[in-house]
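Read the structure below first, then the notes.
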Amino acid sequence: MNTIFGVPTPALYGQILIGLINGSFYAMLSLGLAVIFGLLRVINFAHGAQYMLGAFAAYLLLTYVGIGYWPALIVAPLIVGAVAIVIERFMLRRLYGIDPLYGLLLTFGLALILEGAFRHWFGAAGKPYAPPAELTGALNLGFMFMPIYRGWVVVASLFICVGTWLLIEKTRLGAYLRAATENATLVQAFGVNVPLLLTLTYGLGAALAALAGVLAAPIYQVSPLMGSNLIIIVFAVVVVGGMGSILGAIVTGYVLGVLEGLTKVFYPEASSIVIFVIMAIVLLVRPAGLFGREE
Amino acid sequence: MSNAPLLEIRGLNAWYGESHVLHGVDLDIREGETVTLLGRNGAGKTTTLRAIMGILRRREGVIRLRGKDLIGLPLHKVAQAGIGYVPEERGIFASLNVAENLMLPPNVAESGMSLDEIYTLFPNLHERRSSQGTKLSGGEQQMLAIARILRTGARIILLDEPTEGLAPVIVQRIGDVLVALKKRGMTILLVEQNFRFARKVADRFYLMEDGRMVNSFPGHELDARMDELHEVLGV
Ligand SMILES: Nc1ncnc2c1ncn2[C@@H]1O[C@H](COP(=O)(O)OP(=O)(O)O)[C@@H](O)[C@H]1O
Ligand SMILES: [Mg+2]
């Protein structure tokens with residue numbers, strides 16, 4: 001059997017694929033967090049809960065309404081985005097301009113309430129969610145077998161990240177968003193409805209988390225705590241990439257996912273902490289993050 | 001030119017937090033007029049512009065555009081009513097390139113300059129349209145700050161010290177631009193310390209001191225009032 005540094009290659013490729021998949025979720029989630037933080041200056045602790053809500057929305061749509069995976073990719077983010085818009089309008093909005101700690105506490109509280117409620121209703125155990133028939137089975141890549149659904153997740157997350165990046169970097173709406181991130185007052189003084197822009201941005205960030213949740217449902221199962229397990233790592237990713245940096249969030253997400261996978265192969269004992277070790281080093285050497293602007 | 005002012009300000013008071021900065025400011029600008037606000041540093045000129053735009057929220061008094069009250073409006077509705085703002089710090093966005101900076105402010109009327117006209121008036125901006133906004137020289141940034149408002153079709157433009165810190169050639173260029181705008185019938189409220197610059201365009205002067213309007217006079221009286229001005233402005 002082929003080996004690299006004494007590791008059988010199928011195991012290596014397998015862990016790289018797992019790393020890529022985890023990295024896809026890190027990237028999609030940290031992207032939303034970075035967009036929200038950049039404009040609203042809110043550290044959205046509810047992001048993991050919004051991801052969980054997306055997965056549950058897909059599960060409930062299928063179980064009770066018979067709406068399958070493909071429509072759920074659209075419907076679940078719309079539902080969660082709408083919930084987020086209500087949260088922004090009636091709660092988060094009151095906290096702008098004061099200490100960011102309040103926004104963090106509010107969203108943290110919301111996350112606890114949502115996760116608690118879903119645990120009360122559905123129990124802590126994961127609910128299985130089958131991938132759509134079109135994406136079942138595995139593909140022989142020659143050097144390994146890849147489950148088709150996992151390959152789809154990697155490709156879909158790349159499209160989602162690139163699409164979001166294009167929206168922010170290449171469109172008029174994105175120009176409003178970037179400018180308002182720098183100086184919201186002046187942008188509003190030019191006649192842009194900045195309060196509406198903030199609402200939409202929070203809705204969009206939450207919808208992205210929900211979309212990631214739907215993609216995750218067939219891989220990780222649907223459970224009330226699926227988000228809180230992930231969100232701590234995602235915060236580390238955002239810190240490494242640089243708070244508020246879109247590109248940084250995306251690239252760092254994939255890279256750290258793969259690094260984590262490689263650590264599982266070469267030094268499994270460290271795999272659960274490697275991201276936090278990297279975070280600590282980055283904080284020491286470059287506190288603004290790898291892609292962040294020093295202020 | 002009708003007699004009703006386009007922009008009418010009566011008894012304007014404004015505060016930064018607890019600090020009371022404007023004390024009963026009155027000011028009128030008629031359609032097509034260029035009015036220059038003079039006053040030494042800290043007199044309250046910038047604050048007056050920020051209060052008109054609604055950037056400074058704590059205000060009392062009357063601000064009316066074509067008879068319509070502006071004080072009750074949310075910030076983004078003031079620009080939509082037809083006022084364009086060129087801030088003292090210029091406000092060019094680093095995360096936007098020159099073209100994006102230029103296209104940023106939404107149109108407020110049909111009558112704005114086309115991109116072609118803008119690029120003819122400011123050829124440098126065309127040349128550097130894909131550079132990062134803040135990579136421009138100070139003079140180019142000032143041109144960009146003015147150009148992006150001209151694009152929107154605003155009928156009245158508030159300019160805060162557009163020549164501050166710029167080389168004489170650039171000051172000359174900005175002077176030419178203002179003269180051209182005046183010819184097009186634009187209404188201009190100009191804050192300026194450099195009154196040799198201001199005299200070329202100003203129909204009227206207002207003089208501010210410690211947050212109060214202390215005097216106003218027509219442009220042609222500037223020379224006769226030089227001594228008085230030197231005293232108030234401390235130059
Ligand atoms: N952001 C602010 N907070 C508190 N006070 C301010 C602020 N900006 C200006 N001031 C004060 O308001 C007064 C008027 O300032 P300003 O309008 O900037 O003067 P000018 O533009 O005529 O130089 C000054 O006393 C200044 O110190
Ligand atoms: Mg000033």
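Ordered as shown in the structure tokens, chains take letters A, B, and onward, while each chain numbers its residues from 1 and ligands are numbered from 1 in the order shown.
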
Specify as a PDB file with N, CA, C and O atoms, in the first residue's frame all residues of chain A found within 10 Å of chain B, counting only C-alpha atoms.
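As written to disk, result04.pdb reads:
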```pdb
ATOM      1  N   GLU A 169     -18.248  42.623  -3.404  1.00  0.00           N
ATOM      2  CA  GLU A 169     -17.170  43.358  -4.070  1.00  0.00           C
ATOM      3  C   GLU A 169     -17.577  43.985  -5.394  1.00  0.00           C
ATOM      4  O   GLU A 169     -16.938  44.919  -5.866  1.00  0.00           O
ATOM      5  N   LYS A 170     -18.607  43.444  -6.054  1.00  0.00           N
ATOM      6  CA  LYS A 170     -18.855  43.854  -7.433  1.00  0.00           C
ATOM      7  C   LYS A 170     -20.213  44.502  -7.690  1.00  0.00           C
ATOM      8  O   LYS A 170     -20.485  44.894  -8.817  1.00  0.00           O
ATOM      9  N   THR A 171     -21.076  44.565  -6.693  1.00  0.00           N
ATOM     10  CA  THR A 171     -22.397  45.142  -6.962  1.00  0.00           C
ATOM     11  C   THR A 171     -22.551  46.476  -6.242  1.00  0.00           C
ATOM     12  O   THR A 171     -21.759  46.833  -5.376  1.00  0.00           O
ATOM     13  N   ARG A 172     -23.594  47.193  -6.646  1.00  0.00           N
ATOM     14  CA  ARG A 172     -23.891  48.470  -6.033  1.00  0.00           C
ATOM     15  C   ARG A 172     -24.277  48.299  -4.570  1.00  0.00           C
ATOM     16  O   ARG A 172     -23.839  49.052  -3.697  1.00  0.00           O
ATOM     17  N   LEU A 173     -25.103  47.268  -4.319  1.00  0.00           N
ATOM     18  CA  LEU A 173     -25.482  46.982  -2.935  1.00  0.00           C
ATOM     19  C   LEU A 173     -24.239  46.711  -2.087  1.00  0.00           C
ATOM     20  O   LEU A 173     -24.108  47.192  -0.959  1.00  0.00           O
ATOM     21  N   GLY A 174     -23.302  45.942  -2.682  1.00  0.00           N
ATOM     22  CA  GLY A 174     -22.065  45.642  -1.982  1.00  0.00           C
ATOM     23  C   GLY A 174     -21.249  46.899  -1.716  1.00  0.00           C
ATOM     24  O   GLY A 174     -20.614  47.026  -0.667  1.00  0.00           O
ATOM     25  N   ALA A 175     -21.271  47.834  -2.666  1.00  0.00           N
ATOM     26  CA  ALA A 175     -20.541  49.092  -2.465  1.00  0.00           C
ATOM     27  C   ALA A 175     -21.158  49.872  -1.302  1.00  0.00           C
ATOM     28  O   ALA A 175     -20.435  50.442  -0.476  1.00  0.00           O
ATOM     29  N   TYR A 176     -22.494  49.875  -1.205  1.00  0.00           N
ATOM     30  CA  TYR A 176     -23.138  50.512  -0.045  1.00  0.00           C
ATOM     31  C   TYR A 176     -22.659  49.860   1.235  1.00  0.00           C
ATOM     32  O   TYR A 176     -22.348  50.530   2.224  1.00  0.00           O
ATOM     33  N   ARG A 178     -19.905  48.078   1.825  1.00  0.00           N
ATOM     34  CA  ARG A 178     -18.503  48.364   2.163  1.00  0.00           C
ATOM     35  C   ARG A 178     -18.344  49.796   2.670  1.00  0.00           C
ATOM     36  O   ARG A 178     -17.659  50.056   3.661  1.00  0.00           O
ATOM     37  N   ALA A 179     -18.999  50.738   1.981  1.00  0.00           N
ATOM     38  CA  ALA A 179     -18.874  52.142   2.387  1.00  0.00           C
ATOM     39  C   ALA A 179     -19.474  52.346   3.774  1.00  0.00           C
ATOM     40  O   ALA A 179     -18.888  53.023   4.620  1.00  0.00           O
ATOM     41  N   ALA A 180     -20.630  51.739   4.026  1.00  0.00           N
ATOM     42  CA  ALA A 180     -21.280  51.922   5.326  1.00  0.00           C
ATOM     43  C   ALA A 180     -20.465  51.277   6.430  1.00  0.00           C
ATOM     44  O   ALA A 180     -20.503  51.722   7.581  1.00  0.00           O
ATOM     45  N   THR A 181     -19.712  50.221   6.089  1.00  0.00           N
ATOM     46  CA  THR A 181     -18.830  49.612   7.070  1.00  0.00           C
ATOM     47  C   THR A 181     -17.752  50.613   7.502  1.00  0.00           C
ATOM     48  O   THR A 181     -17.349  50.658   8.653  1.00  0.00           O
ATOM     49  N   GLU A 182     -17.324  51.470   6.555  1.00  0.00           N
ATOM     50  CA  GLU A 182     -16.322  52.489   6.890  1.00  0.00           C
ATOM     51  C   GLU A 182     -16.932  53.688   7.599  1.00  0.00           C
ATOM     52  O   GLU A 182     -16.381  54.192   8.577  1.00  0.00           O
ATOM     53  N   ASN A 183     -18.030  54.200   7.052  1.00  0.00           N
ATOM     54  CA  ASN A 183     -18.609  55.433   7.598  1.00  0.00           C
ATOM     55  C   ASN A 183     -20.107  55.452   7.301  1.00  0.00           C
ATOM     56  O   ASN A 183     -20.556  56.009   6.298  1.00  0.00           O
ATOM     57  N   THR A 185     -22.598  56.933   8.753  1.00  0.00           N
ATOM     58  CA  THR A 185     -23.289  58.220   8.809  1.00  0.00           C
ATOM     59  C   THR A 185     -23.202  58.943   7.477  1.00  0.00           C
ATOM     60  O   THR A 185     -24.205  59.477   6.981  1.00  0.00           O
ATOM     61  N   LEU A 186     -22.010  58.971   6.898  1.00  0.00           N
ATOM     62  CA  LEU A 186     -21.852  59.690   5.634  1.00  0.00           C
ATOM     63  C   LEU A 186     -22.665  59.010   4.526  1.00  0.00           C
ATOM     64  O   LEU A 186     -23.300  59.687   3.712  1.00  0.00           O
ATOM     65  N   VAL A 187     -22.651  57.674   4.506  1.00  0.00           N
ATOM     66  CA  VAL A 187     -23.425  56.963   3.491  1.00  0.00           C
ATOM     67  C   VAL A 187     -24.907  57.302   3.633  1.00  0.00           C
ATOM     68  O   VAL A 187     -25.606  57.543   2.652  1.00  0.00           O
ATOM     69  N   GLN A 188     -25.373  57.377   4.871  1.00  0.00           N
ATOM     70  CA  GLN A 188     -26.780  57.735   5.066  1.00  0.00           C
ATOM     71  C   GLN A 188     -27.029  59.199   4.685  1.00  0.00           C
ATOM     72  O   GLN A 188     -28.076  59.528   4.120  1.00  0.00           O
ATOM     73  N   ALA A 189     -26.042  60.054   4.944  1.00  0.00           N
ATOM     74  CA  ALA A 189     -26.187  61.463   4.570  1.00  0.00           C
ATOM     75  C   ALA A 189     -26.218  61.636   3.054  1.00  0.00           C
ATOM     76  O   ALA A 189     -26.669  62.656   2.551  1.00  0.00           O
ATOM     77  N   PHE A 190     -25.749  60.646   2.314  1.00  0.00           N
ATOM     78  CA  PHE A 190     -25.847  60.680   0.851  1.00  0.00           C
ATOM     79  C   PHE A 190     -27.214  60.213   0.369  1.00  0.00           C
ATOM     80  O   PHE A 190     -27.482  60.201  -0.824  1.00  0.00           O
ATOM     81  N   GLY A 191     -28.054  59.752   1.302  1.00  0.00           N
ATOM     82  CA  GLY A 191     -29.400  59.365   0.905  1.00  0.00           C
ATOM     83  C   GLY A 191     -29.649  57.862   0.882  1.00  0.00           C
ATOM     84  O   GLY A 191     -30.709  57.428   0.460  1.00  0.00           O
ATOM     85  N   VAL A 192     -28.664  57.074   1.341  1.00  0.00           N
ATOM     86  CA  VAL A 192     -28.880  55.629   1.389  1.00  0.00           C
ATOM     87  C   VAL A 192     -29.601  55.290   2.694  1.00  0.00           C
ATOM     88  O   VAL A 192     -29.237  55.788   3.758  1.00  0.00           O
ATOM     89  N   ASN A 193     -30.615  54.438   2.595  1.00  0.00           N
ATOM     90  CA  ASN A 193     -31.355  54.036   3.789  1.00  0.00           C
ATOM     91  C   ASN A 193     -30.528  53.018   4.579  1.00  0.00           C
ATOM     92  O   ASN A 193     -30.711  51.807   4.454  1.00  0.00           O
ATOM     93  N   VAL A 194     -29.609  53.535   5.384  1.00  0.00           N
ATOM     94  CA  VAL A 194     -28.672  52.652   6.091  1.00  0.00           C
ATOM     95  C   VAL A 194     -29.375  51.748   7.114  1.00  0.00           C
ATOM     96  O   VAL A 194     -29.026  50.571   7.221  1.00  0.00           O
ATOM     97  N   PRO A 195     -30.364  52.246   7.864  1.00  0.00           N
ATOM     98  CA  PRO A 195     -31.044  51.320   8.780  1.00  0.00           C
ATOM     99  C   PRO A 195     -31.604  50.089   8.058  1.00  0.00           C
ATOM    100  O   PRO A 195     -31.504  48.960   8.557  1.00  0.00           O
TER     101      PRO A 195
END
```

| field | Near-ligand residues for ligand 1, threshold 10 Å, only C-alpha atoms and all ligand atoms, as a PyMOL selection string | value | chain B and resi 14-22+37-51+56+88+160-161+191-193+208-211

| said: So that I can check the surroundings of A:Ala111, please list as a ChimeraX atom specification every protein, DNA and RNA residue that reaches within 9 Å of it, counting only C-alpha atoms and ignoring chain neighbours fewer than 4 positions away. | reply: /A:45-50,106-107,115-116,228

| request: Quick one: pull the distance between atom CA of B:Ala202 and atom 1 (Mg, counted along the ligand's line) of ligand 2, Å, one decimal. | output: 18.3 Å

| field | B:Ile188 environment, 10 Å, only C-alpha atoms, sequence neighbours closer than 5 positions dropped, as a PyMOL selection string | value | chain B and resi 29-36+83-84+155-159+178+181-182+201-203

| Nearby residues (only C-alpha atoms) at most 8 Å from B:Gln142, same-chain spacing under 3 positions excluded, as an MDAnalysis selection string | chainID B and resid 90 138:139 145:146 162

Take the selection from the previous step and output its residues with all heavy atoms, as a PDB file, in the first residue's frame.
```pdb
ATOM      1  N   ARG B  90     -13.602  65.201   3.450  1.00  0.00           N
ATOM      2  CA  ARG B  90     -13.787  64.685   2.081  1.00  0.00           C
ATOM      3  C   ARG B  90     -14.540  63.366   2.025  1.00  0.00           C
ATOM      4  O   ARG B  90     -15.313  63.133   1.124  1.00  0.00           O
ATOM      5  CB  ARG B  90     -12.467  64.541   1.332  1.00  0.00           C
ATOM      6  CG  ARG B  90     -11.866  65.911   1.118  1.00  0.00           C
ATOM      7  CD  ARG B  90     -10.508  65.883   0.457  1.00  0.00           C
ATOM      8  NE  ARG B  90      -9.914  67.209   0.531  1.00  0.00           N
ATOM      9  CZ  ARG B  90      -8.665  67.444   0.873  1.00  0.00           C
ATOM     10  NH1 ARG B  90      -7.862  66.440   1.167  1.00  0.00           N
ATOM     11  NH2 ARG B  90      -8.223  68.671   0.920  1.00  0.00           N
ATOM     12  N   GLY B 138      -4.651  64.613  -2.505  1.00  0.00           N
ATOM     13  CA  GLY B 138      -5.648  65.402  -1.792  1.00  0.00           C
ATOM     14  C   GLY B 138      -6.557  66.178  -2.736  1.00  0.00           C
ATOM     15  O   GLY B 138      -7.773  66.218  -2.557  1.00  0.00           O
ATOM     16  N   GLY B 139      -5.947  66.784  -3.758  1.00  0.00           N
ATOM     17  CA  GLY B 139      -6.728  67.559  -4.709  1.00  0.00           C
ATOM     18  C   GLY B 139      -7.696  66.684  -5.493  1.00  0.00           C
ATOM     19  O   GLY B 139      -8.863  67.043  -5.683  1.00  0.00           O
ATOM     20  N   ALA B 145     -14.898  64.122  -4.336  1.00  0.00           N
ATOM     21  CA  ALA B 145     -15.958  64.413  -3.363  1.00  0.00           C
ATOM     22  C   ALA B 145     -16.992  65.363  -3.960  1.00  0.00           C
ATOM     23  O   ALA B 145     -18.188  65.249  -3.682  1.00  0.00           O
ATOM     24  CB  ALA B 145     -15.354  65.001  -2.093  1.00  0.00           C
ATOM     25  N   ILE B 146     -16.540  66.299  -4.784  1.00  0.00           N
ATOM     26  CA  ILE B 146     -17.469  67.232  -5.438  1.00  0.00           C
ATOM     27  C   ILE B 146     -18.187  66.521  -6.582  1.00  0.00           C
ATOM     28  O   ILE B 146     -19.409  66.604  -6.708  1.00  0.00           O
ATOM     29  CB  ILE B 146     -16.707  68.465  -5.967  1.00  0.00           C
ATOM     30  CG1 ILE B 146     -16.088  69.242  -4.803  1.00  0.00           C
ATOM     31  CG2 ILE B 146     -17.643  69.366  -6.775  1.00  0.00           C
ATOM     32  CD1 ILE B 146     -15.195  70.398  -5.225  1.00  0.00           C
ATOM     33  N   PRO B 162     -13.310  73.458   0.685  1.00  0.00           N
ATOM     34  CA  PRO B 162     -12.794  72.592  -0.383  1.00  0.00           C
ATOM     35  C   PRO B 162     -11.335  72.866  -0.752  1.00  0.00           C
ATOM     36  O   PRO B 162     -10.699  72.007  -1.361  1.00  0.00           O
ATOM     37  CB  PRO B 162     -13.719  72.895  -1.567  1.00  0.00           C
ATOM     38  CG  PRO B 162     -14.282  74.237  -1.300  1.00  0.00           C
ATOM     39  CD  PRO B 162     -14.378  74.345   0.203  1.00  0.00           C
TER      40      PRO B 162
END
```

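Every protein or nucleic acid residue with an atom no more than 9 Å from A:Phe276, counting only C-alpha atoms and leaving out same-chain residues fewer than 3 positions away, appears here: Ile233, Ala236, Val237, Ser272, Ile273, Met279, Ala280 and Ile281 of chain A.
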
Using the selection just defined, write its residues with N, CA and C atoms as a PDB file, in the first residue's frame.
```pdb
ATOM      1  N   ILE A 233     -15.431  27.060  17.128  1.00  0.00           N
ATOM      2  CA  ILE A 233     -14.356  26.943  16.135  1.00  0.00           C
ATOM      3  C   ILE A 233     -14.467  28.068  15.113  1.00  0.00           C
ATOM      4  N   ALA A 236     -12.993  31.176  16.246  1.00  0.00           N
ATOM      5  CA  ALA A 236     -11.533  31.120  16.142  1.00  0.00           C
ATOM      6  C   ALA A 236     -11.101  31.399  14.704  1.00  0.00           C
ATOM      7  N   VAL A 237     -11.850  30.853  13.735  1.00  0.00           N
ATOM      8  CA  VAL A 237     -11.539  31.086  12.318  1.00  0.00           C
ATOM      9  C   VAL A 237     -11.626  32.581  12.005  1.00  0.00           C
ATOM     10  N   SER A 272      -8.075  18.340  17.971  1.00  0.00           N
ATOM     11  CA  SER A 272      -9.199  19.141  18.445  1.00  0.00           C
ATOM     12  C   SER A 272      -8.757  20.519  18.937  1.00  0.00           C
ATOM     13  N   ILE A 273      -7.448  20.725  19.072  1.00  0.00           N
ATOM     14  CA  ILE A 273      -7.016  22.039  19.565  1.00  0.00           C
ATOM     15  C   ILE A 273      -6.191  22.819  18.552  1.00  0.00           C
ATOM     16  N   MET A 279      -4.905  30.113  16.494  1.00  0.00           N
ATOM     17  CA  MET A 279      -5.513  31.386  16.885  1.00  0.00           C
ATOM     18  C   MET A 279      -4.631  32.126  17.889  1.00  0.00           C
ATOM     19  N   ALA A 280      -4.134  31.395  18.868  1.00  0.00           N
ATOM     20  CA  ALA A 280      -3.304  32.031  19.893  1.00  0.00           C
ATOM     21  C   ALA A 280      -2.046  32.622  19.258  1.00  0.00           C
ATOM     22  N   ILE A 281      -1.434  31.865  18.346  1.00  0.00           N
ATOM     23  CA  ILE A 281      -0.208  32.366  17.707  1.00  0.00           C
ATOM     24  C   ILE A 281      -0.511  33.617  16.885  1.00  0.00           C
TER      25      ILE A 281
END
```

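Using only C-alpha atoms, the protein and nucleic acid residues lying no more than 10 Å from A:Arg41, apart from those fewer than 6 places from it along its own chain, are Ala34, Val35, Tyr96, Gly97, Asp99, Pro100, Gly103, Leu104, Thr181, Met243 and Gly244 of chain A.
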
Next, the residues of the selection above should be written as a PDB file, in the first residue's frame with all heavy atoms.
```
ATOM      1  N   ALA A  34     -18.492  37.552   9.585  1.00  0.00           N
ATOM      2  CA  ALA A  34     -17.630  38.679   9.218  1.00  0.00           C
ATOM      3  C   ALA A  34     -18.450  39.807   8.592  1.00  0.00           C
ATOM      4  O   ALA A  34     -18.215  40.987   8.871  1.00  0.00           O
ATOM      5  CB  ALA A  34     -16.536  38.217   8.250  1.00  0.00           C
ATOM      6  N   VAL A  35     -19.416  39.464   7.749  1.00  0.00           N
ATOM      7  CA  VAL A  35     -20.250  40.499   7.122  1.00  0.00           C
ATOM      8  C   VAL A  35     -21.055  41.233   8.195  1.00  0.00           C
ATOM      9  O   VAL A  35     -21.114  42.463   8.216  1.00  0.00           O
ATOM     10  CB  VAL A  35     -21.194  39.865   6.073  1.00  0.00           C
ATOM     11  CG1 VAL A  35     -22.175  40.904   5.561  1.00  0.00           C
ATOM     12  CG2 VAL A  35     -20.400  39.279   4.929  1.00  0.00           C
ATOM     13  N   TYR A  96     -27.378  49.430  18.852  1.00  0.00           N
ATOM     14  CA  TYR A  96     -26.325  50.041  18.041  1.00  0.00           C
ATOM     15  C   TYR A  96     -25.794  51.284  18.741  1.00  0.00           C
ATOM     16  O   TYR A  96     -26.529  52.030  19.350  1.00  0.00           O
ATOM     17  CB  TYR A  96     -26.853  50.436  16.653  1.00  0.00           C
ATOM     18  CG  TYR A  96     -27.301  49.269  15.811  1.00  0.00           C
ATOM     19  CD1 TYR A  96     -28.301  49.418  14.868  1.00  0.00           C
ATOM     20  CD2 TYR A  96     -26.715  48.017  15.970  1.00  0.00           C
ATOM     21  CE1 TYR A  96     -28.725  48.352  14.101  1.00  0.00           C
ATOM     22  CE2 TYR A  96     -27.132  46.943  15.212  1.00  0.00           C
ATOM     23  CZ  TYR A  96     -28.138  47.115  14.274  1.00  0.00           C
ATOM     24  OH  TYR A  96     -28.556  46.054  13.526  1.00  0.00           O
ATOM     25  N   GLY A  97     -24.501  51.492  18.579  1.00  0.00           N
ATOM     26  CA  GLY A  97     -23.924  52.725  19.110  1.00  0.00           C
ATOM     27  C   GLY A  97     -23.570  52.638  20.578  1.00  0.00           C
ATOM     28  O   GLY A  97     -22.958  53.545  21.116  1.00  0.00           O
ATOM     29  N   ASP A  99     -21.921  49.980  23.827  1.00  0.00           N
ATOM     30  CA  ASP A  99     -20.884  48.960  23.956  1.00  0.00           C
ATOM     31  C   ASP A  99     -21.274  47.662  23.223  1.00  0.00           C
ATOM     32  O   ASP A  99     -22.359  47.125  23.449  1.00  0.00           O
ATOM     33  CB  ASP A  99     -20.682  48.688  25.456  1.00  0.00           C
ATOM     34  CG  ASP A  99     -19.414  47.898  25.724  1.00  0.00           C
ATOM     35  OD1 ASP A  99     -19.115  46.982  24.922  1.00  0.00           O
ATOM     36  OD2 ASP A  99     -18.723  48.203  26.704  1.00  0.00           O
ATOM     37  N   PRO A 100     -20.395  47.148  22.320  1.00  0.00           N
ATOM     38  CA  PRO A 100     -20.703  45.934  21.550  1.00  0.00           C
ATOM     39  C   PRO A 100     -21.014  44.733  22.444  1.00  0.00           C
ATOM     40  O   PRO A 100     -21.635  43.768  22.005  1.00  0.00           O
ATOM     41  CB  PRO A 100     -19.422  45.669  20.756  1.00  0.00           C
ATOM     42  CG  PRO A 100     -18.662  46.934  20.773  1.00  0.00           C
ATOM     43  CD  PRO A 100     -19.093  47.718  21.968  1.00  0.00           C
ATOM     44  N   GLY A 103     -24.687  43.695  22.382  1.00  0.00           N
ATOM     45  CA  GLY A 103     -25.120  42.916  21.223  1.00  0.00           C
ATOM     46  C   GLY A 103     -24.703  41.460  21.381  1.00  0.00           C
ATOM     47  O   GLY A 103     -25.450  40.537  21.055  1.00  0.00           O
ATOM     48  N   LEU A 104     -23.485  41.274  21.907  1.00  0.00           N
ATOM     49  CA  LEU A 104     -22.984  39.925  22.135  1.00  0.00           C
ATOM     50  C   LEU A 104     -23.858  39.204  23.162  1.00  0.00           C
ATOM     51  O   LEU A 104     -24.257  38.056  22.974  1.00  0.00           O
ATOM     52  CB  LEU A 104     -21.536  40.028  22.608  1.00  0.00           C
ATOM     53  CG  LEU A 104     -20.710  38.755  22.749  1.00  0.00           C
ATOM     54  CD1 LEU A 104     -19.237  39.083  22.558  1.00  0.00           C
ATOM     55  CD2 LEU A 104     -20.913  38.135  24.102  1.00  0.00           C
ATOM     56  N   THR A 181     -19.712  50.221   6.089  1.00  0.00           N
ATOM     57  CA  THR A 181     -18.830  49.612   7.070  1.00  0.00           C
ATOM     58  C   THR A 181     -17.752  50.613   7.502  1.00  0.00           C
ATOM     59  O   THR A 181     -17.349  50.658   8.653  1.00  0.00           O
ATOM     60  CB  THR A 181     -18.178  48.346   6.464  1.00  0.00           C
ATOM     61  OG1 THR A 181     -19.214  47.407   6.193  1.00  0.00           O
ATOM     62  CG2 THR A 181     -17.181  47.728   7.402  1.00  0.00           C
ATOM     63  N   MET A 243     -11.244  39.960  11.978  1.00  0.00           N
ATOM     64  CA  MET A 243     -12.629  40.390  12.148  1.00  0.00           C
ATOM     65  C   MET A 243     -13.048  41.316  11.011  1.00  0.00           C
ATOM     66  O   MET A 243     -12.379  42.295  10.733  1.00  0.00           O
ATOM     67  CB  MET A 243     -12.761  41.163  13.463  1.00  0.00           C
ATOM     68  CG  MET A 243     -13.095  40.286  14.638  1.00  0.00           C
ATOM     69  SD  MET A 243     -14.777  39.668  14.454  1.00  0.00           S
ATOM     70  CE  MET A 243     -15.056  38.998  16.072  1.00  0.00           C
ATOM     71  N   GLY A 244     -14.134  41.007  10.344  1.00  0.00           N
ATOM     72  CA  GLY A 244     -14.652  41.925   9.334  1.00  0.00           C
ATOM     73  C   GLY A 244     -14.056  41.743   7.952  1.00  0.00           C
ATOM     74  O   GLY A 244     -14.503  42.350   7.005  1.00  0.00           O
TER      75      GLY A 244
END
```

| How many Å separate atom CA of A:Ala125 from atom CA of A:Gly213? | 16.5 Å

| task | Run DSSP on the backbone and give me the residues of stretch 125-201 of chain A it puts in helix (DSSP H, G or I), as a ChimeraX atom specification. | result | /A:133-135,148-170,172-189,194-201

| request: Could you jot down the atom CA of A:Glu88 to atom CA of A:Leu158 separation for me, Å, one decimal place? | output: 27.9 Å

| field | strand (DSSP E or B) residues, from DSSP on the backbone, in stretch 20-55 of chain B, as an MDAnalysis selection string | value | chainID B and resid 20:29 34:38

Would you write out those residues with N, CA and C atoms, as a CSV table (one decimal), in the first residue's frame?
```csv
chain,number,residue,atom,x,y,z
B,20,HIS,N,-23.4,73.1,23.9
B,20,HIS,CA,-24.2,73.9,23.1
B,20,HIS,C,-23.4,74.7,22.1
B,21,VAL,N,-23.4,74.4,20.8
B,21,VAL,CA,-22.5,75.0,19.9
B,21,VAL,C,-23.1,76.0,18.9
B,22,LEU,N,-24.3,75.9,18.4
B,22,LEU,CA,-24.9,76.9,17.6
B,22,LEU,C,-26.0,77.6,18.4
B,23,HIS,N,-25.9,78.9,18.3
B,23,HIS,CA,-26.9,79.7,19.1
B,23,HIS,C,-27.7,80.6,18.2
B,24,GLY,N,-28.9,80.1,17.8
B,24,GLY,CA,-29.8,80.9,17.1
B,24,GLY,C,-29.3,81.4,15.7
B,25,VAL,N,-28.8,80.5,14.9
B,25,VAL,CA,-28.2,80.9,13.6
B,25,VAL,C,-29.4,81.1,12.6
B,26,ASP,N,-29.3,82.2,11.9
B,26,ASP,CA,-30.2,82.5,10.7
B,26,ASP,C,-29.4,82.5,9.5
B,27,LEU,N,-30.0,82.0,8.4
B,27,LEU,CA,-29.3,82.0,7.1
B,27,LEU,C,-30.3,81.7,6.0
B,28,ASP,N,-30.2,82.5,4.9
B,28,ASP,CA,-31.0,82.3,3.7
B,28,ASP,C,-30.2,82.1,2.5
B,29,ILE,N,-30.6,81.1,1.7
B,29,ILE,CA,-29.9,81.0,0.4
B,29,ILE,C,-31.0,80.9,-0.7
B,34,THR,N,-24.7,81.7,-4.6
B,34,THR,CA,-23.6,81.2,-3.9
B,34,THR,C,-23.3,82.0,-2.7
B,35,VAL,N,-23.4,81.3,-1.5
B,35,VAL,CA,-23.3,82.0,-0.2
B,35,VAL,C,-22.0,81.4,0.5
B,36,THR,N,-21.2,82.3,1.0
B,36,THR,CA,-20.0,81.9,1.6
B,36,THR,C,-20.0,82.2,3.1
B,37,LEU,N,-19.7,81.2,3.9
B,37,LEU,CA,-19.7,81.3,5.4
B,37,LEU,C,-18.3,81.4,5.8
B,38,LEU,N,-18.0,82.6,6.4
B,38,LEU,CA,-16.7,82.8,7.0
B,38,LEU,C,-16.7,82.8,8.5
```
